Amino acid sequence: MPINDKTTRIEVFKAFSTFFSSVIIASASIIVTLKYNEQQFAITQKQAESQLEITRIKEISALIPKLGAENANERKFSAITLSLYGESAVPALIATLGDENATVRDASSKALVLIGEPAIRELKIAFEDRRNSDDLRALSIYTLVLLKADETLQLAIRAVEDASENKFVRKDAATAIGKLRDARGIPALLNATQSTTNAALVENSVWALGEIGKKEVNQKLISLLHHQSDRVRVQVVWGLAKLKDENTESILLDVIKRDVNKDVRDAATNAIEWMKVSS
């Protein structure tokens, strides 16, 4: 091999080695730079998130005292606004479910529904805590119904069946079963209609049975047409109308003739008309 060719090859080899070395160094530099930029971006993002959280906490801290404002509209507005802050606002909103003003309670319930799943656990705890007010517990179970939360039915059934439970909470739990329209609640509701000390529980249980709409309870409802409470008998009339048994119209016509209370008779008249229109 001629010396010149050998020298040329060595020089070409050196040139390629230098080029590849430069490429490797450049690539390494790019990788290091990208990693650095990635880390800086992550740090910046965390800083931004921290700043945002600090801002959220400040805003929530400013809103929460307004839930105790003397003006009911201000309390209502604060409850609605707090729904924007998600899980962080849940404890304060649940506390407001016991507000003396019904519109404030309703606003808090709707705000919790907007927050959604993060509110469910705290609502369950609030309902089961007997130290809470009747209103707070009633709105807790009502909100759980709106959220279609698991275990709501069982919470309501246990409350209806528990004779030691607050009587107002029991009636609201019966209403919750009716709103869920779940036939698994029928046995508890039927037992509740036998109460002789809590007419409101009987009334709401009858309403719930009508909402569930299973004809198997028809005879039980008929037997309640002799209940001493006029309000219960009104609910029985409408419950029978919703079930639409083949004998319902004749039974309601008999109610119109025989019941001593005008509200019950009027309910029977209206129920017959409703059955004709809705059939």
# chains A, B, ... in the order shown; residues from 1 in each chain; ligands from 1
$ residues_around --residues "region 166-183 of chain A" --least-positions-apart "5" --cutoff "9 Å" --atoms "only C-alpha atoms" --output "VMD selection string"
chain A and resid 130 134 to 135 137 to 139 141 to 142 144 to 146 148 152 to 153 155 to 161 188 to 189 192 198 200 to 214
$ atom_distance --atom1 "CA of Lys124 (chain A)" --atom2 "CA of Ala79 (chain A)"
19.4 Å
$ select_by_dssp --residues "region 79-109 of chain A" --states "helix (DSSP H, G or I)" --output "list in words"
Ala79, Ile80, Thr81, Leu82, Ser83, Leu84, Tyr85, Gly86, Glu87, Ser88, Ala89, Val90, Pro91, Ala92, Leu93, Ile94, Ala95, Thr96, Ala102, Thr103, Val104, Arg105, Asp106, Ala107, Ser108 and Ser109 of chain A
$ closest_residue --among "A:Ser108, A:Ser164, A:Ser250, A:Thr103" --to "Thr269 (chain A)" --atoms "only C-alpha atoms"
A:Ser250
$ atom_distance --atom1 "CA of Lys257 (chain A)" --atom2 "CA of Ile272 (chain A)"
13.6 Å
$ residues_around --residues "Val236 (chain A)" --least-positions-apart "3" --cutoff "8 Å" --atoms "only C-alpha atoms" --output "PDB file with N, CA and C atoms, in the first residue's frame"
ATOM      1  N   VAL A 206     -95.820   5.681  53.259  1.00  0.00           N
ATOM      2  CA  VAL A 206     -96.878   5.422  52.275  1.00  0.00           C
ATOM      3  C   VAL A 206     -96.537   6.120  50.958  1.00  0.00           C
ATOM      4  N   TRP A 207     -96.093   7.367  51.058  1.00  0.00           N
ATOM      5  CA  TRP A 207     -95.686   8.087  49.844  1.00  0.00           C
ATOM      6  C   TRP A 207     -94.582   7.321  49.113  1.00  0.00           C
ATOM      7  N   LEU A 221    -101.923  -0.857  51.668  1.00  0.00           N
ATOM      8  CA  LEU A 221    -102.352   0.531  51.562  1.00  0.00           C
ATOM      9  C   LEU A 221    -103.858   0.652  51.782  1.00  0.00           C
ATOM     10  N   ILE A 222    -104.618  -0.278  51.254  1.00  0.00           N
ATOM     11  CA  ILE A 222    -106.075  -0.240  51.437  1.00  0.00           C
ATOM     12  C   ILE A 222    -106.430  -0.282  52.923  1.00  0.00           C
ATOM     13  N   LEU A 224    -104.858   0.942  55.263  1.00  0.00           N
ATOM     14  CA  LEU A 224    -104.519   2.214  55.898  1.00  0.00           C
ATOM     15  C   LEU A 224    -105.526   3.320  55.581  1.00  0.00           C
ATOM     16  N   LEU A 225    -106.553   3.003  54.801  1.00  0.00           N
ATOM     17  CA  LEU A 225    -107.593   3.994  54.527  1.00  0.00           C
ATOM     18  C   LEU A 225    -108.414   4.313  55.779  1.00  0.00           C
ATOM     19  N   VAL A 232    -102.214  10.927  56.455  1.00  0.00           N
ATOM     20  CA  VAL A 232    -101.832   9.577  56.024  1.00  0.00           C
ATOM     21  C   VAL A 232    -102.838   9.072  54.995  1.00  0.00           C
ATOM     22  N   ARG A 233    -104.132   9.281  55.248  1.00  0.00           N
ATOM     23  CA  ARG A 233    -105.162   8.789  54.320  1.00  0.00           C
ATOM     24  C   ARG A 233    -105.046   9.480  52.958  1.00  0.00           C
ATOM     25  N   GLY A 239    -101.191   6.978  46.806  1.00  0.00           N
ATOM     26  CA  GLY A 239    -100.395   5.769  46.632  1.00  0.00           C
ATOM     27  C   GLY A 239    -101.153   4.717  45.842  1.00  0.00           C
ATOM     28  N   LEU A 240    -102.443   4.525  46.174  1.00  0.00           N
ATOM     29  CA  LEU A 240    -103.272   3.569  45.437  1.00  0.00           C
ATOM     30  C   LEU A 240    -103.431   3.989  43.976  1.00  0.00           C
TER      31      LEU A 240
END
$ closest_residue --among "A:Leu82, A:Ala102, A:Val90, A:Leu136" --to "Glu117 (chain A)" --atoms "only C-alpha atoms"
A:Val90
